[in-house]
Amino acid sequence: MDWRDIPSLSALRAFEAAARLGSLSEAARTLNVTHAAVAAHVRTLEAEFGQPLLTRSGRGMVPTQAGAELARDLGTGFAEIAAGVRAARQGREDRPVILTTTPSFAQSWLMPRLAAFWSDHPDVPLTVQTDHSMIDLRREGVDLAIRHGKGPWPGLEGTVLTRASMVIVAQPGRFEMPFECCSPEAWAHVKTLPWLHDMSHSEFNKRLIRLGIEPEKLKMTKLQSNALILPACRAGAGVSAQPAALVEQDIEEGRLEVLAEETMSDMAYHLLHLPGPLSRRAQTFVTWLKRDLKRASKAG
């Protein structure tokens, strides 16, 4: 189909409404435009086709024979478009909610919460995909993304899910720490300890440098992922730099202790989605997650 052969869809929509309702004024009210705009659209189409499409009859308008045939075909076409849109929306509503986040955040923060969500909402299927890179949500058909950073995130809407201040953690009692964890002396002291570190995580490396720690100068064991670092850290093999959100449960349950803590940070985990309303299922998950965080905050 060559769209250059098709008149303005706004004009076709205005004419179809006027022919169906028998009134320019009713068509204007239905389309939420002015009477003059509908009249101008009809005149444009009549000039395009070189013949009248509507004629006045009493206080209303009736289509000519050509106008009636065009209105009938437009009505059929618009109905098919509406049916396609409804089907697409219904398909969106029926499919599982798809969420993407990083592997470490999924493992340490998100997954422990999902059992409660599935218990509360067994009718809402949720698929969690893990990836370090930021994917195109529209192209990949993803509803929600959780990502670490400062924001803003161009082309996306979202909110801060949880703050991500940096902490240095270790097995409780494994290393003597004679300083308060928020003090500059604590940060100077942790430089002397053995580290477990993922050198491929460039964002964390930059954050450490801003805190006065140069990764290349540390006594370090390099591991490929946080899934390896955290178990080794819990076992006492070294210290590790982590966003506080990822180790909050380990700290609460006594598997890790904080040796040094970042006092001010603009880093956070953001819950992101494409502009516009979410599907019913995705909104159910977002509402539940925010409510769960609020309950946890009050409990803390």
# chains A, B, ... in the order shown; residues from 1 in each chain; ligands from 1
$ residues_around --residues "range 221-231 of chain A" --least-positions-apart "3" --cutoff "12 Å" --atoms "only C-alpha atoms" --output "PyMOL selection string"
chain A and resi 102-108+132+168-171+193-201+204+215-218+234-243+246-247+250+255-256
$ select_by_dssp --residues "range 18-226 of chain A" --states "alpha helix (DSSP H)" --output "PyMOL selection string"
chain A and resi 18-21+24-31+35-49+65-94+103-105+111-120+137-140+184-190+202-210+226
$ residues_around --residues "range 6-15 of chain A" --least-positions-apart "5" --cutoff "6 Å" --atoms "only C-alpha atoms" --output "PDB file with C-alpha atoms, in the first residue's frame"
ATOM      1  CA  VAL A  38     -14.972  18.484  10.806  1.00  0.00           C
ATOM      2  CA  HIS A  41     -12.055  17.776   6.685  1.00  0.00           C
ATOM      3  CA  VAL A  42     -15.194  16.959   4.689  1.00  0.00           C
TER       4      VAL A  42
END
$ select_by_dssp --residues "range 104-202 of chain A" --states "strand (DSSP E)" --output "compact mmCIF listing (two decimals) with all heavy atoms, in the first residue's frame"
# COMPACT_ATOMS: atom_id res chain seq x y z
N LEU A 126 5.15 -14.04 36.28
CA LEU A 126 6.26 -13.09 36.17
C LEU A 126 7.49 -13.82 35.67
O LEU A 126 7.90 -14.82 36.24
CB LEU A 126 6.54 -12.45 37.54
CG LEU A 126 7.75 -11.52 37.62
CD1 LEU A 126 7.49 -10.25 36.82
CD2 LEU A 126 8.05 -11.17 39.08
N THR A 127 8.07 -13.29 34.59
CA THR A 127 9.31 -13.83 34.04
C THR A 127 10.45 -12.86 34.33
O THR A 127 10.35 -11.67 34.01
CB THR A 127 9.19 -14.04 32.52
OG1 THR A 127 8.15 -14.99 32.26
CG2 THR A 127 10.49 -14.55 31.94
N VAL A 128 11.52 -13.35 34.96
CA VAL A 128 12.67 -12.51 35.29
C VAL A 128 13.83 -12.87 34.36
O VAL A 128 14.26 -14.02 34.31
CB VAL A 128 13.10 -12.69 36.76
CG1 VAL A 128 14.33 -11.83 37.06
CG2 VAL A 128 11.95 -12.33 37.69
N GLN A 129 14.30 -11.89 33.61
CA GLN A 129 15.46 -12.06 32.74
C GLN A 129 16.63 -11.29 33.34
O GLN A 129 16.44 -10.19 33.87
CB GLN A 129 15.16 -11.54 31.33
CG GLN A 129 13.99 -12.23 30.66
CD GLN A 129 13.66 -11.62 29.30
OE1 GLN A 129 14.19 -10.57 28.92
NE2 GLN A 129 12.76 -12.26 28.57
N THR A 130 17.84 -11.84 33.27
CA THR A 130 19.01 -11.17 33.83
C THR A 130 20.00 -10.82 32.73
O THR A 130 20.27 -11.62 31.85
CB THR A 130 19.70 -12.04 34.89
OG1 THR A 130 20.09 -13.29 34.31
CG2 THR A 130 18.76 -12.30 36.06
N LEU A 144 9.24 -4.24 32.41
CA LEU A 144 9.90 -3.53 33.50
C LEU A 144 11.39 -3.82 33.50
O LEU A 144 11.82 -4.91 33.11
CB LEU A 144 9.32 -3.95 34.85
CG LEU A 144 7.82 -3.74 35.07
CD1 LEU A 144 7.36 -4.49 36.31
CD2 LEU A 144 7.50 -2.26 35.20
N ALA A 145 12.17 -2.84 33.94
CA ALA A 145 13.61 -3.03 34.09
C ALA A 145 14.03 -2.45 35.43
O ALA A 145 13.51 -1.40 35.86
CB ALA A 145 14.38 -2.36 32.96
N ILE A 146 14.95 -3.11 36.10
CA ILE A 146 15.56 -2.56 37.32
C ILE A 146 17.04 -2.38 37.02
O ILE A 146 17.74 -3.34 36.69
CB ILE A 146 15.37 -3.50 38.53
CG1 ILE A 146 13.87 -3.69 38.81
CG2 ILE A 146 16.07 -2.92 39.76
CD1 ILE A 146 13.58 -4.70 39.91
N ARG A 147 17.49 -1.13 37.12
CA ARG A 147 18.88 -0.83 36.77
C ARG A 147 19.51 0.08 37.81
O ARG A 147 18.85 0.88 38.46
CB ARG A 147 18.94 -0.17 35.38
CG ARG A 147 18.75 -1.15 34.23
CD ARG A 147 19.89 -2.16 34.18
NE ARG A 147 19.82 -3.07 33.06
CZ ARG A 147 19.31 -4.30 33.11
NH1 ARG A 147 18.79 -4.73 34.24
NH2 ARG A 147 19.32 -5.08 32.05
N HIS A 148 20.84 -0.06 37.93
CA HIS A 148 21.64 0.65 38.91
C HIS A 148 22.26 1.87 38.26
O HIS A 148 22.80 1.79 37.15
CB HIS A 148 22.72 -0.30 39.43
CG HIS A 148 23.71 0.33 40.34
ND1 HIS A 148 24.89 0.88 39.90
CD2 HIS A 148 23.71 0.49 41.69
CE1 HIS A 148 25.57 1.33 40.94
NE2 HIS A 148 24.88 1.11 42.03
N GLY A 149 22.16 3.03 38.90
CA GLY A 149 22.78 4.23 38.36
C GLY A 149 22.20 5.48 38.98
O GLY A 149 21.44 5.44 39.95
N GLU A 157 10.24 5.97 31.78
CA GLU A 157 9.69 6.51 33.01
C GLU A 157 10.04 5.56 34.14
O GLU A 157 10.27 4.37 33.91
CB GLU A 157 8.16 6.63 32.91
CG GLU A 157 7.70 7.63 31.85
CD GLU A 157 6.19 7.69 31.75
OE1 GLU A 157 5.49 6.97 32.49
OE2 GLU A 157 5.69 8.47 30.93
N GLY A 158 10.09 6.09 35.35
CA GLY A 158 10.41 5.19 36.45
C GLY A 158 10.51 5.90 37.77
O GLY A 158 10.21 7.09 37.90
N THR A 159 10.94 5.16 38.75
CA THR A 159 11.06 5.67 40.11
C THR A 159 12.22 4.98 40.80
O THR A 159 12.65 3.90 40.38
CB THR A 159 9.74 5.41 40.88
OG1 THR A 159 9.82 6.00 42.16
CG2 THR A 159 9.49 3.90 41.03
N VAL A 160 12.72 5.61 41.84
CA VAL A 160 13.78 4.99 42.64
C VAL A 160 13.18 3.85 43.44
O VAL A 160 12.19 4.03 44.17
CB VAL A 160 14.43 6.02 43.58
CG1 VAL A 160 15.36 5.33 44.58
CG2 VAL A 160 15.22 7.05 42.78
N LEU A 161 13.76 2.68 43.30
CA LEU A 161 13.28 1.51 44.01
C LEU A 161 13.95 1.41 45.38
O LEU A 161 13.29 1.26 46.40
CB LEU A 161 13.56 0.26 43.18
CG LEU A 161 12.92 -1.05 43.61
CD1 LEU A 161 11.41 -0.93 43.61
CD2 LEU A 161 13.36 -2.17 42.67
N THR A 162 15.28 1.50 45.39
CA THR A 162 16.02 1.46 46.65
C THR A 162 17.38 2.12 46.44
O THR A 162 17.96 2.03 45.35
CB THR A 162 16.20 0.01 47.15
OG1 THR A 162 16.88 0.02 48.40
CG2 THR A 162 16.97 -0.85 46.17
N ARG A 163 17.85 2.80 47.45
CA ARG A 163 19.14 3.46 47.36
C ARG A 163 20.27 2.44 47.31
O ARG A 163 20.11 1.30 47.75
CB ARG A 163 19.34 4.40 48.54
CG ARG A 163 18.38 5.60 48.53
CD ARG A 163 18.67 6.53 47.38
NE ARG A 163 17.66 7.57 47.23
CZ ARG A 163 17.68 8.47 46.26
NH1 ARG A 163 18.65 8.45 45.36
NH2 ARG A 163 16.73 9.37 46.17
N MET A 166 27.40 2.47 48.86
CA MET A 166 28.43 1.44 48.84
C MET A 166 28.85 1.06 50.25
O MET A 166 29.04 1.92 51.11
CB MET A 166 29.65 1.95 48.07
CG MET A 166 30.77 0.94 47.95
SD MET A 166 30.45 -0.26 46.64
CE MET A 166 30.85 0.72 45.19
N VAL A 167 28.97 -0.25 50.49
CA VAL A 167 29.50 -0.73 51.77
C VAL A 167 30.61 -1.74 51.49
O VAL A 167 30.60 -2.42 50.46
CB VAL A 167 28.41 -1.40 52.64
CG1 VAL A 167 27.39 -0.37 53.11
CG2 VAL A 167 27.71 -2.53 51.91
N ILE A 168 31.56 -1.81 52.40
CA ILE A 168 32.60 -2.84 52.35
C ILE A 168 32.23 -3.86 53.42
O ILE A 168 32.09 -3.52 54.60
CB ILE A 168 34.00 -2.26 52.63
CG1 ILE A 168 34.27 -1.05 51.73
CG2 ILE A 168 35.06 -3.33 52.44
CD1 ILE A 168 34.17 -1.32 50.25
N VAL A 169 32.05 -5.11 53.00
CA VAL A 169 31.56 -6.14 53.92
C VAL A 169 32.56 -7.29 54.02
O VAL A 169 33.40 -7.50 53.14
CB VAL A 169 30.19 -6.68 53.47
CG1 VAL A 169 29.12 -5.61 53.60
CG2 VAL A 169 30.25 -7.22 52.04
N ALA A 170 32.42 -8.02 55.12
CA ALA A 170 33.28 -9.20 55.36
C ALA A 170 32.55 -10.14 56.30
O ALA A 170 31.52 -9.77 56.91
CB ALA A 170 34.61 -8.77 55.96
N TRP A 195 41.08 -8.41 49.23
CA TRP A 195 39.81 -8.09 48.56
C TRP A 195 39.39 -9.20 47.62
O TRP A 195 40.21 -9.90 47.02
CB TRP A 195 39.97 -6.80 47.75
CG TRP A 195 39.84 -5.56 48.59
CD1 TRP A 195 40.65 -5.17 49.61
CD2 TRP A 195 38.83 -4.56 48.45
NE1 TRP A 195 40.22 -3.99 50.14
CE2 TRP A 195 39.11 -3.57 49.44
CE3 TRP A 195 37.76 -4.37 47.61
CZ2 TRP A 195 38.32 -2.42 49.60
CZ3 TRP A 195 36.97 -3.23 47.75
CH2 TRP A 195 37.25 -2.28 48.75
N LEU A 196 38.07 -9.30 47.47
CA LEU A 196 37.43 -10.12 46.43
C LEU A 196 36.74 -9.15 45.50
O LEU A 196 35.92 -8.34 45.94
CB LEU A 196 36.41 -11.08 47.06
CG LEU A 196 36.94 -12.00 48.15
CD1 LEU A 196 35.79 -12.65 48.90
CD2 LEU A 196 37.85 -13.07 47.53
N HIS A 197 37.07 -9.23 44.21
CA HIS A 197 36.62 -8.15 43.33
C HIS A 197 36.36 -8.63 41.91
O HIS A 197 37.06 -9.52 41.41
CB HIS A 197 37.69 -7.05 43.32
CG HIS A 197 37.24 -5.77 42.71
ND1 HIS A 197 36.18 -5.03 43.21
CD2 HIS A 197 37.68 -5.09 41.62
CE1 HIS A 197 36.01 -3.96 42.46
NE2 HIS A 197 36.91 -3.97 41.49
$ residues_around --residues "range 179-192 of chain A" --least-positions-apart "5" --cutoff "8 Å" --atoms "only C-alpha atoms" --output "JSON, numbers by chain"
{"A": [168, 211, 212, 213, 218, 219, 239, 258, 259, 260, 261, 262, 263]}
$ write_last_selection --atoms "N, CA, C and O atoms" --output "PDB file, in the first residue's frame"
ATOM      1  N   ILE A 168      31.562  -1.813  52.398  1.00  0.00           N
ATOM      2  CA  ILE A 168      32.597  -2.838  52.354  1.00  0.00           C
ATOM      3  C   ILE A 168      32.235  -3.865  53.420  1.00  0.00           C
ATOM      4  O   ILE A 168      32.092  -3.519  54.596  1.00  0.00           O
ATOM      5  N   LEU A 211      35.897   7.054  46.056  1.00  0.00           N
ATOM      6  CA  LEU A 211      35.994   6.889  47.509  1.00  0.00           C
ATOM      7  C   LEU A 211      37.444   6.769  47.986  1.00  0.00           C
ATOM      8  O   LEU A 211      37.702   6.511  49.163  1.00  0.00           O
ATOM      9  N   GLY A 212      38.382   6.954  47.060  1.00  0.00           N
ATOM     10  CA  GLY A 212      39.799   6.940  47.428  1.00  0.00           C
ATOM     11  C   GLY A 212      40.450   5.573  47.377  1.00  0.00           C
ATOM     12  O   GLY A 212      41.539   5.393  47.928  1.00  0.00           O
ATOM     13  N   ILE A 213      39.802   4.612  46.722  1.00  0.00           N
ATOM     14  CA  ILE A 213      40.359   3.259  46.625  1.00  0.00           C
ATOM     15  C   ILE A 213      40.654   2.948  45.172  1.00  0.00           C
ATOM     16  O   ILE A 213      39.759   3.000  44.319  1.00  0.00           O
ATOM     17  N   LEU A 218      45.054  -2.779  45.206  1.00  0.00           N
ATOM     18  CA  LEU A 218      44.588  -3.618  46.307  1.00  0.00           C
ATOM     19  C   LEU A 218      45.216  -5.008  46.253  1.00  0.00           C
ATOM     20  O   LEU A 218      45.599  -5.486  45.184  1.00  0.00           O
ATOM     21  N   LYS A 219      45.311  -5.646  47.409  1.00  0.00           N
ATOM     22  CA  LYS A 219      45.660  -7.071  47.470  1.00  0.00           C
ATOM     23  C   LYS A 219      44.378  -7.830  47.137  1.00  0.00           C
ATOM     24  O   LYS A 219      43.468  -7.927  47.955  1.00  0.00           O
ATOM     25  N   VAL A 239      37.353  -9.151  51.790  1.00  0.00           N
ATOM     26  CA  VAL A 239      36.304  -8.134  51.863  1.00  0.00           C
ATOM     27  C   VAL A 239      35.792  -7.858  50.458  1.00  0.00           C
ATOM     28  O   VAL A 239      36.460  -8.145  49.464  1.00  0.00           O
ATOM     29  N   VAL A 258      29.458  -4.866  58.160  1.00  0.00           N
ATOM     30  CA  VAL A 258      29.925  -3.696  57.420  1.00  0.00           C
ATOM     31  C   VAL A 258      31.194  -3.165  58.082  1.00  0.00           C
ATOM     32  O   VAL A 258      31.210  -2.856  59.279  1.00  0.00           O
ATOM     33  N   LEU A 259      32.264  -3.065  57.282  1.00  0.00           N
ATOM     34  CA  LEU A 259      33.525  -2.504  57.774  1.00  0.00           C
ATOM     35  C   LEU A 259      33.644  -1.018  57.433  1.00  0.00           C
ATOM     36  O   LEU A 259      34.235  -0.252  58.202  1.00  0.00           O
ATOM     37  N   ALA A 260      33.152  -0.628  56.272  1.00  0.00           N
ATOM     38  CA  ALA A 260      33.190   0.776  55.856  1.00  0.00           C
ATOM     39  C   ALA A 260      31.920   1.056  55.073  1.00  0.00           C
ATOM     40  O   ALA A 260      31.412   0.190  54.360  1.00  0.00           O
ATOM     41  N   GLU A 261      31.412   2.279  55.218  1.00  0.00           N
ATOM     42  CA  GLU A 261      30.135   2.616  54.599  1.00  0.00           C
ATOM     43  C   GLU A 261      30.184   4.004  53.984  1.00  0.00           C
ATOM     44  O   GLU A 261      30.679   4.959  54.588  1.00  0.00           O
ATOM     45  N   GLU A 262      29.680   4.123  52.754  1.00  0.00           N
ATOM     46  CA  GLU A 262      29.573   5.402  52.065  1.00  0.00           C
ATOM     47  C   GLU A 262      28.468   6.220  52.726  1.00  0.00           C
ATOM     48  O   GLU A 262      27.343   5.737  52.903  1.00  0.00           O
ATOM     49  N   THR A 263      28.784   7.448  53.114  1.00  0.00           N
ATOM     50  CA  THR A 263      27.801   8.246  53.849  1.00  0.00           C
ATOM     51  C   THR A 263      26.858   9.015  52.940  1.00  0.00           C
ATOM     52  O   THR A 263      25.720   9.291  53.315  1.00  0.00           O
TER      53      THR A 263
END
$ residues_around --residues "Arg281 in chain A" --least-positions-apart "3" --cutoff "8 Å" --atoms "only C-alpha atoms" --output "list in words"
Glu93, Pro96, Val97, Val124, Leu278, Thr284 and Phe285 of chain A
$ atom_distance --atom1 "CA of Ala39 in chain A" --atom2 "CA of Ala18 in chain A"
9.1 Å
$ atom_distance --atom1 "CA of Ser133 in chain A" --atom2 "CA of Leu271 in chain A"
15.0 Å
$ decode --residues "range 277-299 of chain A" --atoms "N, CA and C atoms" --output "PDB file, in the first residue's frame"
ATOM      1  N   PRO A 277       0.788   3.989  30.222  1.00  0.00           N
ATOM      2  CA  PRO A 277       0.280   3.072  31.253  1.00  0.00           C
ATOM      3  C   PRO A 277       0.852   1.670  31.118  1.00  0.00           C
ATOM      4  N   LEU A 278       1.025   1.018  32.250  1.00  0.00           N
ATOM      5  CA  LEU A 278       1.462  -0.375  32.273  1.00  0.00           C
ATOM      6  C   LEU A 278       0.274  -1.297  32.054  1.00  0.00           C
ATOM      7  N   SER A 279       0.558  -2.534  31.679  1.00  0.00           N
ATOM      8  CA  SER A 279      -0.508  -3.527  31.615  1.00  0.00           C
ATOM      9  C   SER A 279      -1.038  -3.758  33.034  1.00  0.00           C
ATOM     10  N   ARG A 280      -2.233  -4.335  33.122  1.00  0.00           N
ATOM     11  CA  ARG A 280      -2.836  -4.570  34.439  1.00  0.00           C
ATOM     12  C   ARG A 280      -1.924  -5.431  35.308  1.00  0.00           C
ATOM     13  N   ARG A 281      -1.362  -6.483  34.723  1.00  0.00           N
ATOM     14  CA  ARG A 281      -0.511  -7.382  35.500  1.00  0.00           C
ATOM     15  C   ARG A 281       0.770  -6.692  35.947  1.00  0.00           C
ATOM     16  N   ALA A 282       1.389  -5.924  35.039  1.00  0.00           N
ATOM     17  CA  ALA A 282       2.623  -5.220  35.404  1.00  0.00           C
ATOM     18  C   ALA A 282       2.346  -4.201  36.506  1.00  0.00           C
ATOM     19  N   GLN A 283       1.206  -3.501  36.420  1.00  0.00           N
ATOM     20  CA  GLN A 283       0.869  -2.531  37.455  1.00  0.00           C
ATOM     21  C   GLN A 283       0.620  -3.221  38.786  1.00  0.00           C
ATOM     22  N   THR A 284       0.021  -4.411  38.749  1.00  0.00           N
ATOM     23  CA  THR A 284      -0.185  -5.177  39.982  1.00  0.00           C
ATOM     24  C   THR A 284       1.150  -5.478  40.652  1.00  0.00           C
ATOM     25  N   PHE A 285       2.137  -5.900  39.857  1.00  0.00           N
ATOM     26  CA  PHE A 285       3.453  -6.211  40.425  1.00  0.00           C
ATOM     27  C   PHE A 285       4.118  -4.954  40.983  1.00  0.00           C
ATOM     28  N   VAL A 286       4.068  -3.847  40.244  1.00  0.00           N
ATOM     29  CA  VAL A 286       4.708  -2.608  40.704  1.00  0.00           C
ATOM     30  C   VAL A 286       4.065  -2.136  42.008  1.00  0.00           C
ATOM     31  N   THR A 287       2.735  -2.166  42.064  1.00  0.00           N
ATOM     32  CA  THR A 287       2.035  -1.742  43.276  1.00  0.00           C
ATOM     33  C   THR A 287       2.412  -2.623  44.463  1.00  0.00           C
ATOM     34  N   TRP A 288       2.465  -3.933  44.230  1.00  0.00           N
ATOM     35  CA  TRP A 288       2.838  -4.853  45.309  1.00  0.00           C
ATOM     36  C   TRP A 288       4.261  -4.588  45.784  1.00  0.00           C
ATOM     37  N   LEU A 289       5.189  -4.383  44.844  1.00  0.00           N
ATOM     38  CA  LEU A 289       6.594  -4.201  45.205  1.00  0.00           C
ATOM     39  C   LEU A 289       6.777  -2.932  46.033  1.00  0.00           C
ATOM     40  N   LYS A 290       6.125  -1.848  45.630  1.00  0.00           N
ATOM     41  CA  LYS A 290       6.242  -0.603  46.390  1.00  0.00           C
ATOM     42  C   LYS A 290       5.623  -0.753  47.774  1.00  0.00           C
ATOM     43  N   ARG A 291       4.509  -1.469  47.861  1.00  0.00           N
ATOM     44  CA  ARG A 291       3.868  -1.689  49.157  1.00  0.00           C
ATOM     45  C   ARG A 291       4.754  -2.544  50.059  1.00  0.00           C
ATOM     46  N   ASP A 292       5.417  -3.557  49.462  1.00  0.00           N
ATOM     47  CA  ASP A 292       6.303  -4.412  50.234  1.00  0.00           C
ATOM     48  C   ASP A 292       7.492  -3.616  50.776  1.00  0.00           C
ATOM     49  N   LEU A 293       8.030  -2.722  49.941  1.00  0.00           N
ATOM     50  CA  LEU A 293       9.147  -1.889  50.398  1.00  0.00           C
ATOM     51  C   LEU A 293       8.714  -0.956  51.524  1.00  0.00           C
ATOM     52  N   LYS A 294       7.489  -0.428  51.416  1.00  0.00           N
ATOM     53  CA  LYS A 294       6.997   0.459  52.473  1.00  0.00           C
ATOM     54  C   LYS A 294       6.817  -0.299  53.777  1.00  0.00           C
ATOM     55  N   ARG A 295       6.281  -1.540  53.683  1.00  0.00           N
ATOM     56  CA  ARG A 295       6.125  -2.346  54.895  1.00  0.00           C
ATOM     57  C   ARG A 295       7.495  -2.652  55.519  1.00  0.00           C
ATOM     58  N   ALA A 296       8.463  -2.990  54.672  1.00  0.00           N
ATOM     59  CA  ALA A 296       9.798  -3.313  55.174  1.00  0.00           C
ATOM     60  C   ALA A 296      10.433  -2.098  55.835  1.00  0.00           C
ATOM     61  N   SER A 297      10.196  -0.902  55.250  1.00  0.00           N
ATOM     62  CA  SER A 297      10.759   0.330  55.814  1.00  0.00           C
ATOM     63  C   SER A 297      10.170   0.617  57.184  1.00  0.00           C
ATOM     64  N   LYS A 298       8.856   0.408  57.333  1.00  0.00           N
ATOM     65  CA  LYS A 298       8.219   0.650  58.632  1.00  0.00           C
ATOM     66  C   LYS A 298       8.697  -0.371  59.668  1.00  0.00           C
ATOM     67  N   ALA A 299       8.877  -1.625  59.205  1.00  0.00           N
ATOM     68  CA  ALA A 299       9.337  -2.666  60.126  1.00  0.00           C
ATOM     69  C   ALA A 299      10.754  -2.392  60.617  1.00  0.00           C
TER      70      ALA A 299
END
